[in-house]
>>> print(open('start33.csv').read())   # CSV, C-alpha atoms
chain,number,residue,atom,x,y,z
A,1,MET,CA,59.2,114.3,139.2
A,2,SER,CA,58.4,117.2,141.5
A,3,ASP,CA,60.9,119.9,142.5
A,4,SER,CA,60.9,118.7,146.1
A,5,SER,CA,61.9,115.2,145.0
A,6,ILE,CA,64.7,116.5,142.9
A,7,GLN,CA,66.0,118.6,145.8
A,8,ASN,CA,65.8,115.6,148.2
A,9,ARG,CA,67.8,113.5,145.7
A,10,ARG,CA,70.4,116.2,145.4
A,11,LEU,CA,70.6,116.6,149.2
A,12,ARG,CA,71.1,112.8,149.6
A,13,SER,CA,73.8,112.9,147.0
A,14,GLU,CA,75.6,115.7,148.7
A,15,ILE,CA,75.4,114.0,152.0
A,16,ARG,CA,76.8,110.8,150.5
A,17,ALA,CA,79.6,112.8,148.9
A,18,TRP,CA,80.5,114.5,152.2
A,19,LEU,CA,80.4,111.2,154.0
A,20,VAL,CA,82.9,109.7,151.5
A,21,LEU,CA,85.1,112.7,151.8
A,22,PHE,CA,84.9,112.5,155.6
A,23,LEU,CA,85.9,108.8,155.7
A,24,PHE,CA,88.7,109.5,153.3
A,25,LEU,CA,90.1,112.3,155.4
A,26,CYS,CA,89.9,110.1,158.5
A,27,VAL,CA,91.9,107.4,156.9
A,28,PHE,CA,94.4,109.9,155.4
A,29,VAL,CA,94.9,111.8,158.7
A,30,SER,CA,95.3,108.5,160.7
A,31,ARG,CA,97.9,107.4,158.2
A,32,GLY,CA,99.5,110.8,158.2
A,33,ARG,CA,99.8,110.6,162.0
A,34,GLY,CA,101.5,107.2,161.8
A,35,GLN,CA,103.9,108.6,159.2
A,36,GLU,CA,104.5,111.6,161.4
A,37,CYS,CA,105.4,109.3,164.3
A,38,SER,CA,107.9,107.4,162.2
A,39,ASP,CA,109.4,110.6,160.7
A,40,LYS,CA,109.7,112.2,164.2
A,41,SER,CA,111.4,109.1,165.6
A,42,TYR,CA,113.8,108.8,162.7
A,43,LEU,CA,114.6,112.5,162.8
A,44,GLU,CA,115.2,112.5,166.5
A,45,ALA,CA,117.5,109.5,166.2
A,46,ILE,CA,119.5,111.2,163.5
A,47,ARG,CA,119.8,114.4,165.5
A,48,LEU,CA,121.0,112.4,168.5
A,49,VAL,CA,123.7,110.7,166.4
A,50,ARG,CA,124.8,114.0,165.1
A,51,ALA,CA,124.9,115.5,168.6
A,52,LEU,CA,126.8,112.5,170.2
A,53,TYR,CA,129.2,111.8,167.3
A,54,PRO,CA,130.0,115.1,165.5
A,55,GLU,CA,133.0,113.5,163.8
A,56,LEU,CA,130.5,111.8,161.5
A,57,ALA,CA,129.3,115.0,159.9
A,58,GLY,CA,130.5,116.1,156.5
A,59,LYS,CA,131.6,112.6,155.4
A,60,GLY,CA,128.7,111.7,153.1
A,61,ILE,CA,127.6,108.9,155.5
A,62,ILE,CA,124.5,107.0,154.8
A,63,LEU,CA,122.6,105.5,157.7
A,64,ASP,CA,120.7,102.2,157.6
A,65,PHE,CA,117.5,101.9,159.7
A,66,ALA,CA,116.0,98.5,160.6
A,67,SER,CA,112.8,97.9,162.5
A,68,ARG,CA,110.5,94.9,163.2
A,69,PRO,CA,106.9,96.0,163.0
A,70,HIS,CA,104.1,93.6,163.8
A,71,LEU,CA,102.0,92.6,160.8
A,72,ASP,CA,98.8,93.1,162.7
A,73,SER,CA,99.7,96.6,164.1
A,74,ASP,CA,99.1,100.0,162.5
A,75,ASN,CA,101.6,101.6,164.9
A,76,PHE,CA,105.2,102.5,164.1
A,77,PRO,CA,107.6,100.3,166.2
A,78,ALA,CA,108.9,102.1,169.3
A,79,VAL,CA,112.2,100.3,169.0
A,80,PHE,CA,114.5,100.3,165.9
A,81,ASP,CA,118.2,100.1,165.0
A,82,LEU,CA,120.4,102.5,163.2
A,83,ALA,CA,123.8,101.6,161.7
A,84,VAL,CA,126.8,103.4,160.2
A,85,SER,CA,128.7,101.0,158.0
A,86,GLU,CA,132.5,100.7,158.0
A,87,THR,CA,132.3,100.5,154.2
A,88,PRO,CA,130.4,102.8,151.9
A,89,PRO,CA,127.3,101.5,150.2
A,90,SER,CA,127.7,99.3,147.1
A,91,PRO,CA,128.6,101.6,144.2
A,92,LEU,CA,126.0,102.4,141.6
A,93,PRO,CA,126.7,102.5,137.9
A,94,PRO,CA,129.7,104.8,136.9
A,95,GLY,CA,128.9,108.5,137.1
A,96,THR,CA,126.0,108.0,139.6
A,97,TYR,CA,127.8,107.4,142.8
A,98,GLU,CA,130.5,109.4,144.6
A,99,GLU,CA,132.3,107.3,147.1
A,100,SER,CA,132.2,108.6,150.6
A,101,ASP,CA,134.8,108.1,153.3
A,102,ALA,CA,132.3,106.6,155.7
A,103,ASP,CA,134.5,103.6,156.0
A,104,ARG,CA,137.2,105.6,157.7
A,105,VAL,CA,135.2,106.6,160.8
A,106,GLY,CA,134.5,103.1,162.0
A,107,HIS,CA,131.4,101.1,162.5
A,108,LEU,CA,128.5,102.3,164.8
A,109,GLY,CA,125.4,100.5,165.6
A,110,ALA,CA,122.7,102.0,167.8
A,111,ARG,CA,119.4,100.8,169.2
A,112,PHE,CA,116.8,103.5,169.9
A,113,GLN,CA,113.7,103.2,172.0
A,114,PHE,CA,110.8,105.7,172.0
A,115,ASP,CA,107.6,105.9,174.0
A,116,ALA,CA,104.9,104.0,172.1
A,117,THR,CA,102.3,106.7,173.0
A,118,ASP,CA,103.9,110.1,172.7
A,119,ARG,CA,107.1,109.1,170.8
A,120,ARG,CA,109.2,110.6,173.6
A,121,PHE,CA,112.9,109.5,173.6
A,122,ILE,CA,113.6,106.8,176.2
A,123,SER,CA,117.0,105.3,175.5
A,124,MET,CA,119.8,104.7,173.1
A,125,GLU,CA,122.7,102.1,173.3
A,126,ALA,CA,125.6,102.2,170.9
A,127,SER,CA,128.3,99.7,169.9
A,128,GLY,CA,131.0,99.4,167.3
A,129,SER,CA,134.6,100.4,166.6
A,130,LEU,CA,133.7,104.1,166.7
A,131,VAL,CA,132.9,103.8,170.4
A,132,ALA,CA,135.7,101.3,171.3
A,133,THR,CA,133.4,98.3,171.9
A,134,GLU,CA,136.1,95.7,171.2
A,135,ARG,CA,138.6,97.4,173.5
A,136,GLN,CA,136.0,97.7,176.2
A,137,ASN,CA,135.2,94.0,175.9
A,138,VAL,CA,138.8,93.0,176.2
A,139,LEU,CA,139.2,95.1,179.3
A,140,ASN,CA,136.0,93.8,180.8
A,141,LYS,CA,137.1,90.2,180.2
A,142,LEU,CA,140.4,90.8,181.9
A,143,VAL,CA,138.7,92.3,184.9
A,144,GLU,CA,136.2,89.5,185.0
A,145,GLU,CA,139.0,87.0,185.2
A,146,HIS,CA,140.2,88.7,188.4
A,147,PRO,CA,137.2,89.0,190.8
A,148,GLU,CA,139.6,89.6,193.7
A,149,TRP,CA,141.1,92.8,192.2
A,150,THR,CA,140.7,96.0,194.1
A,151,GLU,CA,139.6,99.2,192.4
A,152,ALA,CA,143.2,100.3,192.4
A,153,GLN,CA,144.2,97.1,190.5
A,154,MET,CA,141.3,97.5,188.1
A,155,THR,CA,142.4,101.1,187.5
A,156,ASP,CA,145.9,99.9,186.7
A,157,ALA,CA,144.5,97.4,184.2
A,158,LEU,CA,142.4,100.2,182.7
A,159,LEU,CA,145.3,102.5,182.2
A,160,SER,CA,147.5,99.7,180.8
A,161,SER,CA,144.9,99.0,178.2
A,162,GLY,CA,145.3,102.5,176.8
A,163,ALA,CA,142.2,104.2,178.4
A,164,ILE,CA,142.7,107.9,179.1
A,165,PHE,CA,139.4,108.6,180.9
A,166,GLY,CA,140.0,106.7,184.1
A,167,PRO,CA,138.5,107.3,187.5
A,168,GLY,CA,140.6,110.4,188.2
A,169,GLN,CA,139.4,112.2,185.0
A,170,ARG,CA,136.0,113.4,186.1
A,171,GLU,CA,136.5,117.0,184.9
A,172,ARG,CA,137.8,115.9,181.5
A,173,VAL,CA,134.9,113.5,181.1
A,174,LEU,CA,132.4,116.3,181.9
A,175,ALA,CA,134.2,118.7,179.6
A,176,LYS,CA,133.9,116.2,176.7
A,177,PHE,CA,130.2,115.4,177.5
A,178,PRO,CA,128.2,117.0,174.6
A,179,ALA,CA,125.6,118.8,176.8
A,180,SER,CA,125.3,121.8,174.5
A,181,GLN,CA,124.7,119.5,171.5
A,182,LEU,CA,122.0,117.5,173.4
A,183,GLU,CA,120.1,120.5,174.7
A,184,PRO,CA,118.3,121.3,171.5
A,185,ILE,CA,116.9,117.8,171.6
A,186,LEU,CA,116.4,117.0,175.3
A,187,GLY,CA,116.2,120.5,176.9
A,188,LYS,CA,118.3,122.6,179.1
A,189,ILE,CA,120.8,120.3,180.8
A,190,GLN,CA,122.0,120.4,184.4
A,191,ILE,CA,124.7,117.8,185.5
A,192,VAL,CA,123.7,116.1,188.7
A,193,SER,CA,126.7,113.8,189.2
A,194,ALA,CA,129.4,111.7,187.5
A,195,GLN,CA,131.0,108.5,188.8
A,196,PHE,CA,133.2,105.8,187.4
A,197,ASP,CA,131.6,102.4,187.7
A,198,PHE,CA,134.0,99.4,188.1
A,199,ARG,CA,131.4,96.7,188.5
A,200,GLY,CA,127.7,96.2,188.0
A,201,ASN,CA,127.1,94.6,191.3
A,202,LYS,CA,128.7,94.6,194.8
A,203,GLU,CA,128.4,90.9,195.5
A,204,PRO,CA,129.6,87.8,193.7
A,205,PRO,CA,129.4,86.8,191.0
A,206,PHE,CA,131.0,90.2,190.0
A,207,TYR,CA,130.6,91.4,186.5
A,208,PRO,CA,132.7,94.4,185.2
A,209,ILE,CA,131.4,97.6,183.7
A,210,MET,CA,134.5,99.9,183.7
A,211,HIS,CA,132.8,103.0,182.4
A,212,TRP,CA,131.5,106.4,183.5
A,213,THR,CA,127.9,107.2,184.4
A,214,VAL,CA,126.8,110.8,184.2
A,215,TYR,CA,123.5,111.7,185.7
A,216,PHE,CA,121.8,114.8,184.4
A,217,ARG,CA,118.4,116.5,184.2
A,218,ALA,CA,116.9,118.2,181.1
A,219,ALA,CA,114.2,120.9,181.3
A,220,THR,CA,111.9,121.3,178.4
A,221,LYS,CA,108.3,122.7,178.0
A,222,GLY,CA,108.0,123.3,181.7
A,223,ARG,CA,108.9,119.7,182.6
A,224,ASN,CA,112.1,118.3,184.1
A,225,HIS,CA,113.3,114.8,183.1
A,226,GLY,CA,116.1,112.8,184.6
A,227,TYR,CA,118.6,111.0,182.3
A,228,PHE,CA,121.8,109.0,182.6
A,229,ALA,CA,124.7,108.6,180.1
A,230,TRP,CA,127.3,105.9,179.9
A,231,ILE,CA,130.7,107.0,178.7
A,232,GLU,CA,133.5,104.6,177.6
A,233,PRO,CA,137.0,105.3,179.1
A,234,PHE,CA,139.1,105.0,175.9
A,235,SER,CA,138.0,108.1,173.9
A,236,GLY,CA,135.3,109.4,176.2
A,237,LYS,CA,132.4,108.8,173.8
A,238,VAL,CA,128.8,108.3,174.9
A,239,VAL,CA,127.8,104.6,174.5
A,240,GLY,CA,124.3,104.9,176.0
A,241,VAL,CA,121.7,107.5,177.0
A,242,GLY,CA,118.5,106.8,178.9
A,243,ALA,CA,115.6,108.3,180.7
A,244,ARG,CA,115.6,107.6,184.4
>>> encode(input="start33.csv", output="structure tokens")
Amino acid sequence: MSDSSIQNRRLRSEIRAWLVLFLFLCVFVSRGRGQECSDKSYLEAIRLVRALYPELAGKGIILDFASRPHLDSDNFPAVFDLAVSETPPSPLPPGTYEESDADRVGHLGARFQFDATDRRFISMEASGSLVATERQNVLNKLVEEHPEWTEAQMTDALLSSGAIFGPGQRERVLAKFPASQLEPILGKIQIVSAQFDFRGNKEPPFYPIMHWTVYFRAATKGRNHGYFAWIEPFSGKVVGVGAR
């Protein structure tokens, strides 16, 4: 076999080796990007939970994530759920598990939505005893049974139910709003307005809302995004955040 033939075979072998390496890197990088998307979304959700509910910190709480990916899709789901259980996880064998006091903070369930293309945060809605969902539901049911009530009568029912952040507590609501904790995640925040919403519509059939809505803007990376936050009136906790 001539030297030129040997060199050609070596060259073809090298080309095949480089092609295999290239294809492997393509698959690896694409998978890495998908993992990066999931990691980014999960991390952002955890940071938002820490910012909105600082009382959860330092309690050894374990979060449960749940998502519903499509079998035929290689993309990470843009919508997933996060939960804080009222009871600590099932104990492991003796000596391998230290019981946390996560059961003392109350239950919290939250649904997060991120943009499917750039993984930008879109919305979060929370429910559970930590954010007074049951008390809110009882109040809303009472108001729903009295569609003839005026705002003054609805306010009386609100205060009688034990709520402390009623329509006249705008400054207290804004003082409690965790703007400084959200800024590292969303950007520099500027409050636009805050209003107490009694009902979700102005014409029958009425349905009650009975919570605060805070509108704000967040500037980051040279862009300015509009957001809203829903705040329950019992303890002033955020029960929803969304991009406008």
>>> atom_distance(input="start33.csv", atom1="CA of Arg244 (chain A)", atom2="CA of Ser123 (chain A)")
9.3 Å
>>> residues_around(input="start33.csv", residues="Phe112 (chain A)", least_positions_apart="5", cutoff="9 Å", atoms="all atoms listed in the file", output="MDAnalysis selection string")
chainID A and resid 41 45 78:82 121:126
>>> residues_around(input="start33.csv", residues="Ser129 (chain A)", least_positions_apart="6", cutoff="8 Å", atoms="only C-alpha atoms", output="MDAnalysis selection string")
chainID A and resid 106:108
>>> closest_residue(input="start33.csv", among="A:Lys188, A:Glu203, A:Leu142, A:Arg172", to="Arg223 (chain A)", atoms="all atoms listed in the file")
A:Lys188
>>> residues_around(input="start33.csv", residues="Ala132 (chain A)", least_positions_apart="2", cutoff="9 Å", atoms="only C-alpha atoms", output="list in words")
Ser127, Gly128, Ser129, Leu130, Glu134, Arg135, Gln136, Asn137, Glu232, Pro233, Phe234, Ser235 and Lys237 of chain A
>>> atom_distance(input="start33.csv", atom1="CA of His70 (chain A)", atom2="CA of Lys40 (chain A)")
19.4 Å
>>> closest_residue(input="start33.csv", among="A:His211, A:Arg199, A:Pro184, A:Glu145", to="Gln169 (chain A)", atoms="all atoms listed in the file")
A:His211
>>> closest_atom_pairs(input="start33.csv", of="region 125-243 of chain A", to="region 48-53 of chain A", cutoff="7 Å", atoms="only C-alpha atoms", output="Markdown table")
| residue | atom | partner | partner_atom | distance |
| --- | --- | --- | --- | --- |
| A:Pro178 | CA | A:Leu52 | CA | 6.4 |
| A:Gln181 | CA | A:Ala51 | CA | 4.9 |
| A:Leu182 | CA | A:Ala51 | CA | 6.0 |
| A:Val238 | CA | A:Leu52 | CA | 6.6 |
>>> atom_distance(input="start33.csv", atom1="CA of Pro167 (chain A)", atom2="CA of Asp197 (chain A)")
8.5 Å
>>> residues_near_point(input="start33.csv", point="(124.8, 109.0, 183.6)", cutoff="7 Å", atoms="all atoms listed in the file", output="ChimeraX atom specification")
/A:194,213-216,227-230
>>> closest_atom_pairs(input="start33.csv", of="region 108-221 of chain A", to="region 71-75 of chain A", cutoff="12 Å", atoms="only C-alpha atoms", output="JSON lines")
{"residue": "A:Asp115", "atom": "CA", "partner": "A:Asn75", "partner_atom": "CA", "distance": 11.7}
{"residue": "A:Ala116", "atom": "CA", "partner": "A:Asn75", "partner_atom": "CA", "distance": 8.3}
{"residue": "A:Thr117", "atom": "CA", "partner": "A:Asn75", "partner_atom": "CA", "distance": 9.6}
{"residue": "A:Asp118", "atom": "CA", "partner": "A:Asn75", "partner_atom": "CA", "distance": 11.8}
{"residue": "A:Arg119", "atom": "CA", "partner": "A:Asn75", "partner_atom": "CA", "distance": 11.0}
>>> closest_residue(input="start33.csv", among="A:Leu174, A:Asn224, A:Gly242, A:Phe198", to="Thr155 (chain A)", atoms="all atoms listed in the file")
A:Phe198
